[in-house]
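The structure appears right after this line, and notes come after that.
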Amino acid sequence: MNQPIVQIRNVTKNYQRDDFEIPVLQNLSIDVPEGEFLALMGPSGSGKTTLLNLIAGIDRPTSGSIVISGMDIATLGESALAKWRASHIGFIFQFYNLLPVLTAYENVELPLILTHLSKKEKREHVEAALNVVGLTDRMHHYPRQLSGGQEQRVAIARAVVTDPVLIVADEPTGDLDKKSADEILILLDRLNKEFKKTIVMVTHDPHAAARAHTIQHLDKGELS
Amino acid sequence: MKVLKLVYKNLLRHKLRTSLTILGIAVAVMAFGLLRTVVTAWYSGVEASAVNRLVTRHAVSFIFPLPIADEEQIAKIPGITGITHQTWFQGVYIDERNFFPRIAVDPEKIFQIYPEFLLMPEQLASFKKERNSCVVGAKIAKLYNLKLGDMMTIRGDIYPGNWEFVVRGIYQPKDKTTDATQMFFHYAYLDERMRQEAPSRAGQVGWYVMTIDNPNSAAVISAAVDGLFANSRAETKTETEKAFQQSFASLSGTIITSLKFISYVIIGIILLVLANTIVMTARERIREYAVLKVLGFTSLHISGLIFGESLLIAMIGGVIGIGLTFPVCRGFGEALSTFLPLFNVETSTVVLGLVFSMSVGVIAALYPAVKSVRTKIVDGLRQIG
Ligand SMILES: Nc1ncnc2c1ncn2[C@@H]1O[C@H](COP(=O)(O)OP(=O)(O)OP(=O)(O)O)[C@@H](O)[C@H]1O
Ligand SMILES: [Mg+2]
């Protein structure tokens, strides 16, 4: 393994709420090597989501540097950062966040709107991604016609369709029953092993964390 | 799939709300079109007036009469090629609602001064011959099913009593801008009865209409006419037919001004209807927009979605509204054909209706778009919904 894919150095993050600052992360440093499957655990409010958002480039640190596969993302402007996210990050949410007006197929295709792929290439990508999550037979269904576990699998297909280097997942099994959760975890494990994706996953569930290679605990903004 | 498809899919998300908004815009655009058409119809008499005609009226108001003896004097002024007098009779035909101009005229001259009223020579001849005959416009003849030889009984108001007329002519309008809703009858018929019943009102006419050889000398000739009667008992005011029509039209100018005002209020209503929908829509989708941003969509894409949806609704509503304007105006035009003889939807009304609805589409989306763009992703994702 060469250079770590995620290099976080002395990151501090405070949220500004009205007149006072809420300190969330203090002087935090962490490396995630390429090919890692990392589970982030910790009590509610400890800053797990905040850290994940910083890694995914959807929020900016108050200070410190975040380098993802060689790119210091703090130096990117808004639209450059958006472009960077589109090609480097696959984000999986706890509540799936599929667009209800789009079918499973269209939801997976969504990130590809931003690429220059041909129509045919797009279709191949979407079908491949849906194939990985085992939902080719449901691709013309709308989210409301799918179970929670199926919705999350569509969301995973959406996260991997652009072939990102890093997948971040914020409690991906938090809203699922045990059986569906297991399916999701198996899927993530496969993405890690078979497709060599680096995964950072936040979870409350020790059972889920057990799937990961490494577990890090975050408490009051500090790793242990 | 394109961003446009997402706009379209979003549009169909709340079908009822979208339809109601479109309907609201359509009705408002239609009302706007109708009001504008009423306003332009009102002024169309002014537009249709000839440039080579002058009107002389009493200096105070056209409701005061002038002596018939003035005609001979005015006719002598150089540059005047023809003159005739007219007297507003009004009266009630069958029902007070049946309004159309009824005017006492000089049968020898009226159709020379107004060549745009086309009358068959034999009808003109029989009109001239009979003292109680009249000529009506083709539109009036059609509306009241009047034929040559029919009797018309008019109850006088300005000139009391019952007045019997026999239709001896039906004039055709020269073109679309010509008013075909007037009725003309012999001034002599009116004057004769005045002489018996109200001698003080005899020998009086409403106003004079003159044709002149050169429109450019209108001002000079007008001054010459008014100079003749300066310091007399009935001072005159002479102006172009256009200006005269305008003073006629502006009699109800306040109503027209309010109609104009209301037509702009309607634009405001469209804006509120649409803004309400778009603001509501954008608020519901704060989280979705945040998700799109996570996926790499930029502020430009997000505003594109919001403006696109707003513009699409505004455009569909505007087009339907313009489409409705035509049949509605036709219906109105028929119902009001005697009040407002020239009731046509103008191209400018169509263009304005569309331009206004499109601008409203842009304005309604401004605030929600700015707000959605400014919302931070992390805040958008925390939105429950
Ligand atoms: N956008 C925000 N604005 C203001 N405060 C925030 C924001 N996001 C998070 N916080 C605060 O930062 C702290 C850490 O929040 P974060 O969501 O990172 O915790 P978490 O570890 O993910 O918790 P949970 O396990 O409940 O998801 C909390 O006190 C939270 O209130
Ligand atoms: Mg969290």
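Just remember, in the structure tokens the first chain shown is A, the second B, etc., residues are 1-based per chain, and ligands are 1-based in the order shown.
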Taking only C-alpha atoms and all ligand atoms into account, list the residues no farther than 9 Å from ligand 2, as a PyMOL selection string. chain A and resi 44-50+52+94+170-171+202-203
Neighbouring residues of ligand 1 are defined here as those with any atom at most 9 Å from a ligand atom, counting only C-alpha atoms and all ligand atoms; list them as a VMD selection string. (chain A and resid 13 to 17 21 to 25 41 to 53 59 170 to 171 202 to 204 218 to 221) or (chain B and resid 376 to 382)
Using only C-alpha atoms, which chain A residues lie at most 7 Å away from chain B, written as a list in words?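 Only these qualify: Ile58, Asp59, Ser79, Ala82, Lys83, Arg85, Ala86, Asn97, Leu99, Val101, Pro111 and Ile113 of chain A.
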Prev. selection, N, CA, C and O atoms, output as an mmCIF file, in the first residue's frame:
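Result went into result.cif, see below:
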data_model
loop_
_atom_site.group_PDB
_atom_site.id
_atom_site.type_symbol
_atom_site.label_atom_id
_atom_site.label_comp_id
_atom_site.auth_asym_id
_atom_site.auth_seq_id
_atom_site.Cartn_x
_atom_site.Cartn_y
_atom_site.Cartn_z
ATOM 1 N N ILE A 58 -18.228 17.835 1.374
ATOM 2 C CA ILE A 58 -19.498 18.558 1.350
ATOM 3 C C ILE A 58 -19.563 19.582 2.469
ATOM 4 O O ILE A 58 -20.551 20.285 2.620
ATOM 5 N N ASP A 59 -18.501 19.675 3.228
ATOM 6 C CA ASP A 59 -18.392 20.730 4.238
ATOM 7 C C ASP A 59 -16.905 21.075 4.336
ATOM 8 O O ASP A 59 -16.058 20.316 3.854
ATOM 9 N N SER A 79 -17.548 25.254 -7.212
ATOM 10 C CA SER A 79 -17.961 24.405 -8.332
ATOM 11 C C SER A 79 -16.884 23.371 -8.660
ATOM 12 O O SER A 79 -17.205 22.262 -9.098
ATOM 13 N N ALA A 82 -17.550 20.639 -6.315
ATOM 14 C CA ALA A 82 -18.706 19.849 -6.751
ATOM 15 C C ALA A 82 -18.283 18.847 -7.817
ATOM 16 O O ALA A 82 -18.660 17.674 -7.780
ATOM 17 N N LYS A 83 -17.489 19.322 -8.754
ATOM 18 C CA LYS A 83 -17.003 18.473 -9.827
ATOM 19 C C LYS A 83 -16.148 17.332 -9.246
ATOM 20 O O LYS A 83 -16.254 16.176 -9.647
ATOM 21 N N ARG A 85 -16.286 16.093 -6.207
ATOM 22 C CA ARG A 85 -17.159 15.136 -5.512
ATOM 23 C C ARG A 85 -17.784 14.164 -6.495
ATOM 24 O O ARG A 85 -17.845 12.959 -6.251
ATOM 25 N N ALA A 86 -18.256 14.728 -7.619
ATOM 26 C CA ALA A 86 -18.954 13.886 -8.595
ATOM 27 C C ALA A 86 -18.075 12.743 -9.078
ATOM 28 O O ALA A 86 -18.560 11.633 -9.306
ATOM 29 N N ASN A 97 -32.159 8.722 0.592
ATOM 30 C CA ASN A 97 -32.206 9.963 -0.180
ATOM 31 C C ASN A 97 -32.263 9.752 -1.686
ATOM 32 O O ASN A 97 -31.557 10.397 -2.448
ATOM 33 N N LEU A 99 -34.400 10.212 -5.187
ATOM 34 C CA LEU A 99 -35.411 11.167 -5.630
ATOM 35 C C LEU A 99 -36.699 10.393 -5.928
ATOM 36 O O LEU A 99 -36.705 9.499 -6.764
ATOM 37 N N VAL A 101 -39.304 11.078 -7.568
ATOM 38 C CA VAL A 101 -39.912 11.178 -8.900
ATOM 39 C C VAL A 101 -39.180 10.360 -9.950
ATOM 40 O O VAL A 101 -39.616 10.277 -11.088
ATOM 41 N N PRO A 111 -26.050 10.736 -11.259
ATOM 42 C CA PRO A 111 -24.696 11.318 -11.248
ATOM 43 C C PRO A 111 -24.048 11.331 -12.629
ATOM 44 O O PRO A 111 -23.159 12.123 -12.883
ATOM 45 N N ILE A 113 -25.429 12.272 -15.349
ATOM 46 C CA ILE A 113 -25.834 13.458 -16.107
ATOM 47 C C ILE A 113 -24.662 14.425 -16.209
ATOM 48 O O ILE A 113 -24.488 15.123 -17.190
#
Do a neighbour search on Ile278 (chain B) at 10 Å with only C-alpha atoms, toss out local chain neighbours closer than 6 positions, and write the hits as a list in words.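 Everything that qualifies: Thr18, Thr21, Leu272, Glu284, Ile306, Phe307, Glu309, Ser310, Ile313, Gly361, Ala364, Ala365, Leu366, Tyr367, Pro368 and Ala369 of chain B.
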When DSSP works through the backbone of this structure, what residues of region 139-235 of chain B end up as strand (DSSP E or B), shown as a ChimeraX atom specification? /B:151-156,161-173,183-186,204-205,207-212
Using N, CA and C atoms, can you export the residues from the last selection as an mmCIF file, in the first residue's frame?
data_model
loop_
_atom_site.group_PDB
_atom_site.id
_atom_site.type_symbol
_atom_site.label_atom_id
_atom_site.label_comp_id
_atom_site.auth_asym_id
_atom_site.auth_seq_id
_atom_site.Cartn_x
_atom_site.Cartn_y
_atom_site.Cartn_z
ATOM 1 N N MET B 151 -90.044 49.972 -39.621
ATOM 2 C CA MET B 151 -90.240 51.144 -38.777
ATOM 3 C C MET B 151 -89.366 51.004 -37.534
ATOM 4 N N MET B 152 -88.819 52.136 -37.093
ATOM 5 C CA MET B 152 -88.088 52.156 -35.823
ATOM 6 C C MET B 152 -88.729 53.226 -34.962
ATOM 7 N N THR B 153 -89.155 52.812 -33.758
ATOM 8 C CA THR B 153 -89.723 53.811 -32.860
ATOM 9 C C THR B 153 -88.716 54.071 -31.748
ATOM 10 N N ILE B 154 -88.379 55.328 -31.591
ATOM 11 C CA ILE B 154 -87.396 55.669 -30.569
ATOM 12 C C ILE B 154 -88.018 56.631 -29.586
ATOM 13 N N ARG B 155 -87.869 56.283 -28.321
ATOM 14 C CA ARG B 155 -88.384 57.154 -27.269
ATOM 15 C C ARG B 155 -87.304 58.194 -26.975
ATOM 16 N N GLY B 156 -87.672 59.462 -27.160
ATOM 17 C CA GLY B 156 -86.686 60.516 -26.979
ATOM 18 C C GLY B 156 -86.402 60.791 -25.517
ATOM 19 N N GLY B 161 -90.549 62.688 -26.302
ATOM 20 C CA GLY B 161 -91.614 62.236 -27.183
ATOM 21 C C GLY B 161 -91.235 60.975 -27.924
ATOM 22 N N ASN B 162 -92.221 60.442 -28.662
ATOM 23 C CA ASN B 162 -91.953 59.261 -29.473
ATOM 24 C C ASN B 162 -91.607 59.686 -30.880
ATOM 25 N N TRP B 163 -90.590 59.025 -31.427
ATOM 26 C CA TRP B 163 -90.111 59.390 -32.750
ATOM 27 C C TRP B 163 -90.153 58.163 -33.637
ATOM 28 N N GLU B 164 -90.805 58.349 -34.803
ATOM 29 C CA GLU B 164 -90.951 57.226 -35.727
ATOM 30 C C GLU B 164 -90.015 57.427 -36.917
ATOM 31 N N PHE B 165 -89.291 56.363 -37.233
ATOM 32 C CA PHE B 165 -88.402 56.444 -38.394
ATOM 33 C C PHE B 165 -88.643 55.234 -39.281
ATOM 34 N N VAL B 166 -88.429 55.433 -40.577
ATOM 35 C CA VAL B 166 -88.517 54.305 -41.486
ATOM 36 C C VAL B 166 -87.126 54.090 -42.099
ATOM 37 N N VAL B 167 -86.703 52.825 -42.052
ATOM 38 C CA VAL B 167 -85.352 52.515 -42.529
ATOM 39 C C VAL B 167 -85.335 52.540 -44.054
ATOM 40 N N ARG B 168 -84.547 53.451 -44.610
ATOM 41 C CA ARG B 168 -84.447 53.554 -46.074
ATOM 42 C C ARG B 168 -83.053 53.209 -46.588
ATOM 43 N N GLY B 169 -82.137 53.013 -45.659
ATOM 44 C CA GLY B 169 -80.787 52.675 -46.112
ATOM 45 C C GLY B 169 -80.020 51.909 -45.041
ATOM 46 N N ILE B 170 -79.145 51.034 -45.513
ATOM 47 C CA ILE B 170 -78.250 50.317 -44.591
ATOM 48 C C ILE B 170 -76.843 50.515 -45.127
ATOM 49 N N TYR B 171 -76.010 51.230 -44.360
ATOM 50 C CA TYR B 171 -74.663 51.487 -44.895
ATOM 51 C C TYR B 171 -73.693 50.392 -44.470
ATOM 52 N N GLN B 172 -72.722 50.134 -45.351
ATOM 53 C CA GLN B 172 -71.685 49.131 -45.081
ATOM 54 C C GLN B 172 -70.399 49.847 -44.666
ATOM 55 N N PRO B 173 -69.645 49.258 -43.771
ATOM 56 C CA PRO B 173 -68.362 49.874 -43.405
ATOM 57 C C PRO B 173 -67.335 49.634 -44.508
ATOM 58 N N MET B 183 -76.753 55.403 -36.456
ATOM 59 C CA MET B 183 -78.018 55.627 -37.137
ATOM 60 C C MET B 183 -78.103 57.116 -37.470
ATOM 61 N N PHE B 184 -78.444 57.409 -38.721
ATOM 62 C CA PHE B 184 -78.568 58.806 -39.155
ATOM 63 C C PHE B 184 -79.995 59.083 -39.602
ATOM 64 N N PHE B 185 -80.497 60.269 -39.257
ATOM 65 C CA PHE B 185 -81.809 60.662 -39.790
ATOM 66 C C PHE B 185 -81.804 62.165 -40.075
ATOM 67 N N HIS B 186 -82.877 62.629 -40.685
ATOM 68 C CA HIS B 186 -82.940 64.025 -41.137
ATOM 69 C C HIS B 186 -82.948 64.998 -39.972
ATOM 70 N N GLN B 204 -80.644 74.777 -33.743
ATOM 71 C CA GLN B 204 -79.406 74.448 -33.024
ATOM 72 C C GLN B 204 -78.880 73.101 -33.509
ATOM 73 N N VAL B 205 -77.596 73.012 -33.648
ATOM 74 C CA VAL B 205 -76.995 71.716 -34.010
ATOM 75 C C VAL B 205 -75.926 71.342 -32.984
ATOM 76 N N TRP B 207 -72.696 69.799 -33.506
ATOM 77 C CA TRP B 207 -71.322 70.174 -33.892
ATOM 78 C C TRP B 207 -71.215 70.153 -35.409
ATOM 79 N N TYR B 208 -70.108 70.687 -35.898
ATOM 80 C CA TYR B 208 -69.863 70.682 -37.338
ATOM 81 C C TYR B 208 -68.677 69.787 -37.651
ATOM 82 N N VAL B 209 -68.782 69.114 -38.776
ATOM 83 C CA VAL B 209 -67.648 68.321 -39.257
ATOM 84 C C VAL B 209 -67.228 68.889 -40.606
ATOM 85 N N MET B 210 -65.951 69.191 -40.740
ATOM 86 C CA MET B 210 -65.446 69.750 -41.982
ATOM 87 C C MET B 210 -64.379 68.843 -42.573
ATOM 88 N N THR B 211 -64.325 68.805 -43.895
ATOM 89 C CA THR B 211 -63.168 68.191 -44.541
ATOM 90 C C THR B 211 -62.257 69.325 -44.988
ATOM 91 N N ILE B 212 -60.951 69.076 -44.922
ATOM 92 C CA ILE B 212 -60.014 70.120 -45.325
ATOM 93 C C ILE B 212 -59.099 69.595 -46.420
#
Sort by chain and increasing residue number a table of all residues of region 20-55 of chain A within 9 Å of region 206-211 of chain A, each with its closest pair of atoms and their distance in Å to one decimal, counting only C-alpha atoms, and write it as a Markdown table.
| residue | atom | partner | partner_atom | distance |
| --- | --- | --- | --- | --- |
| A:Phe37 | CA | A:Arg211 | CA | 8.4 |
| A:Leu38 | CA | A:Ala209 | CA | 8.3 |
| A:Ala39 | CA | A:Ala209 | CA | 5.5 |
| A:Leu40 | CA | A:Ala209 | CA | 7.9 |
| A:Met41 | CA | A:Ala209 | CA | 7.8 |
Figure out the distance between CA of Pro164 (chain A) and CA of Ser118 (chain A), please, to one decimal in Å.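 Spanning CA of Ser118 (chain A) to CA of Pro164 (chain A) is a straight-line distance of 18.7 Å.
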Could you give me, as a PDB file with N, CA, C and O atoms, in the first residue's frame, the residues within 8 Å of region 259-269 of chain B, counting only C-alpha atoms and dropping anything in the same chain fewer than 3 positions from it?
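Here's the written file around-v5.pdb:
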ATOM      1  N   ALA B  28     -55.693  34.458 -15.392  1.00  0.00           N
ATOM      2  CA  ALA B  28     -55.210  35.821 -15.206  1.00  0.00           C
ATOM      3  C   ALA B  28     -54.715  36.416 -16.521  1.00  0.00           C
ATOM      4  O   ALA B  28     -55.023  37.562 -16.841  1.00  0.00           O
ATOM      5  N   VAL B  29     -53.976  35.624 -17.297  1.00  0.00           N
ATOM      6  CA  VAL B  29     -53.482  36.124 -18.586  1.00  0.00           C
ATOM      7  C   VAL B  29     -54.672  36.434 -19.502  1.00  0.00           C
ATOM      8  O   VAL B  29     -54.690  37.437 -20.214  1.00  0.00           O
ATOM      9  N   ALA B  31     -57.689  37.307 -18.516  1.00  0.00           N
ATOM     10  CA  ALA B  31     -58.309  38.541 -18.033  1.00  0.00           C
ATOM     11  C   ALA B  31     -57.493  39.750 -18.470  1.00  0.00           C
ATOM     12  O   ALA B  31     -58.046  40.777 -18.878  1.00  0.00           O
ATOM     13  N   PHE B  32     -56.190  39.602 -18.417  1.00  0.00           N
ATOM     14  CA  PHE B  32     -55.308  40.684 -18.862  1.00  0.00           C
ATOM     15  C   PHE B  32     -55.560  40.995 -20.339  1.00  0.00           C
ATOM     16  O   PHE B  32     -55.726  42.150 -20.732  1.00  0.00           O
ATOM     17  N   LEU B  35     -58.980  42.733 -20.807  1.00  0.00           N
ATOM     18  CA  LEU B  35     -58.981  44.132 -20.389  1.00  0.00           C
ATOM     19  C   LEU B  35     -58.234  45.002 -21.391  1.00  0.00           C
ATOM     20  O   LEU B  35     -58.684  46.083 -21.734  1.00  0.00           O
ATOM     21  N   ARG B  36     -57.091  44.497 -21.859  1.00  0.00           N
ATOM     22  CA  ARG B  36     -56.329  45.282 -22.823  1.00  0.00           C
ATOM     23  C   ARG B  36     -57.124  45.469 -24.097  1.00  0.00           C
ATOM     24  O   ARG B  36     -57.061  46.516 -24.733  1.00  0.00           O
ATOM     25  N   VAL B  39     -59.641  48.134 -23.589  1.00  0.00           N
ATOM     26  CA  VAL B  39     -59.020  49.459 -23.621  1.00  0.00           C
ATOM     27  C   VAL B  39     -58.692  49.875 -25.055  1.00  0.00           C
ATOM     28  O   VAL B  39     -58.997  50.993 -25.477  1.00  0.00           O
ATOM     29  N   ILE B 255     -62.641  55.342 -16.000  1.00  0.00           N
ATOM     30  CA  ILE B 255     -62.927  53.899 -16.029  1.00  0.00           C
ATOM     31  C   ILE B 255     -61.827  53.181 -16.788  1.00  0.00           C
ATOM     32  O   ILE B 255     -61.314  52.150 -16.355  1.00  0.00           O
ATOM     33  N   ILE B 256     -61.437  53.780 -17.906  1.00  0.00           N
ATOM     34  CA  ILE B 256     -60.388  53.160 -18.716  1.00  0.00           C
ATOM     35  C   ILE B 256     -59.083  53.114 -17.939  1.00  0.00           C
ATOM     36  O   ILE B 256     -58.368  52.108 -17.945  1.00  0.00           O
ATOM     37  N   LEU B 272     -47.968  36.406  -7.714  1.00  0.00           N
ATOM     38  CA  LEU B 272     -48.183  35.838  -6.384  1.00  0.00           C
ATOM     39  C   LEU B 272     -48.557  34.359  -6.464  1.00  0.00           C
ATOM     40  O   LEU B 272     -48.064  33.537  -5.702  1.00  0.00           O
ATOM     41  N   VAL B 273     -49.430  34.034  -7.409  1.00  0.00           N
ATOM     42  CA  VAL B 273     -49.863  32.641  -7.568  1.00  0.00           C
ATOM     43  C   VAL B 273     -48.656  31.751  -7.830  1.00  0.00           C
ATOM     44  O   VAL B 273     -48.444  30.726  -7.177  1.00  0.00           O
ATOM     45  N   PHE B 356     -45.169  39.075 -20.201  1.00  0.00           N
ATOM     46  CA  PHE B 356     -45.432  39.238 -18.773  1.00  0.00           C
ATOM     47  C   PHE B 356     -45.394  37.898 -18.051  1.00  0.00           C
ATOM     48  O   PHE B 356     -44.804  37.783 -16.984  1.00  0.00           O
ATOM     49  N   SER B 357     -46.012  36.866 -18.635  1.00  0.00           N
ATOM     50  CA  SER B 357     -46.021  35.597 -17.901  1.00  0.00           C
ATOM     51  C   SER B 357     -44.611  35.017 -17.806  1.00  0.00           C
ATOM     52  O   SER B 357     -44.238  34.461 -16.776  1.00  0.00           O
ATOM     53  N   VAL B 360     -42.777  36.939 -15.167  1.00  0.00           N
ATOM     54  CA  VAL B 360     -43.265  36.488 -13.878  1.00  0.00           C
ATOM     55  C   VAL B 360     -42.616  35.153 -13.515  1.00  0.00           C
ATOM     56  O   VAL B 360     -42.227  34.927 -12.366  1.00  0.00           O
TER      57      VAL B 360
END
Which of region 52-177 of chain B DSSP labels helix (DSSP H, G or I), written as a PyMOL selection string: chain B and resi 70-75+110-113+121-129+138-143
Residues as selected, N, CA and C atoms, written as an mmCIF file, in the first residue's frame, can you do that?
data_model
loop_
_atom_site.group_PDB
_atom_site.id
_atom_site.type_symbol
_atom_site.label_atom_id
_atom_site.label_comp_id
_atom_site.auth_asym_id
_atom_site.auth_seq_id
_atom_site.Cartn_x
_atom_site.Cartn_y
_atom_site.Cartn_z
ATOM 1 N N ASP B 70 -74.049 79.117 -38.219
ATOM 2 C CA ASP B 70 -72.581 79.125 -38.291
ATOM 3 C C ASP B 70 -72.071 78.428 -39.553
ATOM 4 N N GLU B 71 -72.830 77.453 -40.036
ATOM 5 C CA GLU B 71 -72.328 76.600 -41.111
ATOM 6 C C GLU B 71 -71.872 77.409 -42.326
ATOM 7 N N GLU B 72 -72.717 78.348 -42.703
ATOM 8 C CA GLU B 72 -72.435 79.147 -43.898
ATOM 9 C C GLU B 72 -71.144 79.941 -43.746
ATOM 10 N N GLN B 73 -70.962 80.485 -42.550
ATOM 11 C CA GLN B 73 -69.762 81.296 -42.300
ATOM 12 C C GLN B 73 -68.494 80.442 -42.340
ATOM 13 N N ILE B 74 -68.599 79.288 -41.680
ATOM 14 C CA ILE B 74 -67.411 78.424 -41.620
ATOM 15 C C ILE B 74 -67.021 77.971 -43.020
ATOM 16 N N ALA B 75 -68.035 77.640 -43.821
ATOM 17 C CA ALA B 75 -67.787 77.092 -45.156
ATOM 18 C C ALA B 75 -66.932 78.032 -46.001
ATOM 19 N N ILE B 110 -74.052 64.198 -45.509
ATOM 20 C CA ILE B 110 -73.397 63.297 -44.561
ATOM 21 C C ILE B 110 -72.499 62.267 -45.232
ATOM 22 N N PHE B 111 -72.984 61.662 -46.342
ATOM 23 C CA PHE B 111 -72.199 60.587 -46.958
ATOM 24 C C PHE B 111 -71.075 61.107 -47.852
ATOM 25 N N GLN B 112 -71.087 62.435 -48.103
ATOM 26 C CA GLN B 112 -69.930 63.019 -48.800
ATOM 27 C C GLN B 112 -68.790 63.227 -47.816
ATOM 28 N N ILE B 113 -69.154 63.679 -46.629
ATOM 29 C CA ILE B 113 -68.129 63.967 -45.612
ATOM 30 C C ILE B 113 -67.547 62.660 -45.057
ATOM 31 N N PRO B 121 -76.509 53.956 -54.096
ATOM 32 C CA PRO B 121 -77.073 55.222 -54.595
ATOM 33 C C PRO B 121 -78.593 55.278 -54.495
ATOM 34 N N GLU B 122 -79.275 54.150 -54.803
ATOM 35 C CA GLU B 122 -80.740 54.219 -54.766
ATOM 36 C C GLU B 122 -81.248 54.344 -53.331
ATOM 37 N N GLN B 123 -80.513 53.733 -52.379
ATOM 38 C CA GLN B 123 -80.901 53.880 -50.974
ATOM 39 C C GLN B 123 -80.682 55.319 -50.525
ATOM 40 N N LEU B 124 -79.558 55.909 -50.967
ATOM 41 C CA LEU B 124 -79.270 57.295 -50.614
ATOM 42 C C LEU B 124 -80.373 58.201 -51.155
ATOM 43 N N ALA B 125 -80.782 57.913 -52.368
ATOM 44 C CA ALA B 125 -81.814 58.737 -52.996
ATOM 45 C C ALA B 125 -83.119 58.680 -52.207
ATOM 46 N N SER B 126 -83.516 57.454 -51.795
ATOM 47 C CA SER B 126 -84.799 57.390 -51.083
ATOM 48 C C SER B 126 -84.669 57.931 -49.667
ATOM 49 N N PHE B 127 -83.444 57.840 -49.089
ATOM 50 C CA PHE B 127 -83.205 58.442 -47.772
ATOM 51 C C PHE B 127 -83.394 59.956 -47.857
ATOM 52 N N LYS B 128 -82.833 60.531 -48.919
ATOM 53 C CA LYS B 128 -82.916 61.989 -49.060
ATOM 54 C C LYS B 128 -84.357 62.457 -49.238
ATOM 55 N N LYS B 129 -85.166 61.619 -49.905
ATOM 56 C CA LYS B 129 -86.515 62.039 -50.278
ATOM 57 C C LYS B 129 -87.466 62.143 -49.095
ATOM 58 N N ALA B 138 -74.662 48.553 -40.928
ATOM 59 C CA ALA B 138 -74.937 47.144 -41.219
ATOM 60 C C ALA B 138 -74.983 46.307 -39.944
ATOM 61 N N LYS B 139 -74.133 46.646 -38.995
ATOM 62 C CA LYS B 139 -74.069 45.882 -37.758
ATOM 63 C C LYS B 139 -75.368 46.000 -36.970
ATOM 64 N N ILE B 140 -75.918 47.226 -36.962
ATOM 65 C CA ILE B 140 -77.169 47.475 -36.237
ATOM 66 C C ILE B 140 -78.325 46.771 -36.945
ATOM 67 N N ALA B 141 -78.293 46.835 -38.269
ATOM 68 C CA ALA B 141 -79.358 46.190 -39.040
ATOM 69 C C ALA B 141 -79.381 44.701 -38.731
ATOM 70 N N LYS B 142 -78.180 44.128 -38.653
ATOM 71 C CA LYS B 142 -78.081 42.699 -38.393
ATOM 72 C C LYS B 142 -78.555 42.393 -36.973
ATOM 73 N N LEU B 143 -78.092 43.201 -36.043
ATOM 74 C CA LEU B 143 -78.376 42.963 -34.628
ATOM 75 C C LEU B 143 -79.873 43.022 -34.336
#
Spatial neighbours of region 224-238 of chain B, 12 Å, only C-alpha atoms, chain gap at least 4 places, as a short mmCIF file (atom, residue, chain, number, x, y, z; two decimals) with C-alpha atoms, in the first residue's frame:
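What ended up in result30.cif:
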data_model
loop_
_atom_site.label_atom_id
_atom_site.label_comp_id
_atom_site.auth_asym_id
_atom_site.auth_seq_id
_atom_site.Cartn_x
_atom_site.Cartn_y
_atom_site.Cartn_z
CA ARG B 53 -61.51 66.09 -40.90
CA LEU B 54 -62.01 68.79 -38.30
CA VAL B 55 -64.77 69.04 -35.74
CA THR B 56 -66.11 72.31 -34.40
CA ARG B 57 -67.98 72.20 -31.13
CA HIS B 58 -69.09 74.54 -28.41
CA ALA B 59 -66.08 75.88 -26.56
CA VAL B 60 -67.37 74.69 -23.20
CA SER B 61 -68.46 71.16 -24.09
CA PHE B 62 -69.87 69.24 -27.00
CA PHE B 64 -73.91 72.54 -25.72
CA PRO B 65 -75.41 73.31 -29.15
CA LEU B 66 -74.22 75.71 -31.84
CA PRO B 67 -76.40 77.89 -34.09
CA ILE B 68 -77.08 76.36 -37.48
CA ALA B 69 -76.27 79.69 -39.03
CA ASP B 70 -72.58 79.12 -38.29
CA GLU B 71 -72.33 76.60 -41.11
CA GLU B 72 -72.44 79.15 -43.90
CA GLN B 73 -69.76 81.30 -42.30
CA ILE B 74 -67.41 78.42 -41.62
CA ALA B 75 -67.79 77.09 -45.16
CA LYS B 76 -66.24 80.30 -46.49
CA ILE B 77 -62.91 79.76 -44.78
CA PRO B 78 -60.20 78.87 -47.28
CA GLY B 79 -58.98 75.28 -47.10
CA ILE B 80 -62.35 73.86 -46.07
CA GLN B 204 -79.41 74.45 -33.02
CA VAL B 205 -76.99 71.72 -34.01
CA GLY B 206 -74.55 69.61 -32.02
CA TRP B 207 -71.32 70.17 -33.89
CA TYR B 208 -69.86 70.68 -37.34
CA VAL B 209 -67.65 68.32 -39.26
CA MET B 210 -65.45 69.75 -41.98
CA SER B 217 -53.16 73.20 -42.21
CA ALA B 218 -55.51 71.77 -39.56
CA ALA B 219 -54.19 74.11 -36.87
CA VAL B 220 -54.45 77.25 -39.03
CA LYS B 242 -59.00 62.51 -33.62
CA ALA B 243 -58.80 65.03 -30.80
CA PHE B 244 -62.58 65.28 -30.78
CA SER B 247 -62.42 64.11 -25.71
#
Tell me, as a ChimeraX atom specification, which residues lie within 12 Å of Val328 (chain B), counting only C-alpha atoms; anything in the same chain fewer than 4 positions away does not count. /B:27,29-35,37-38,321-324,332-335,343-345
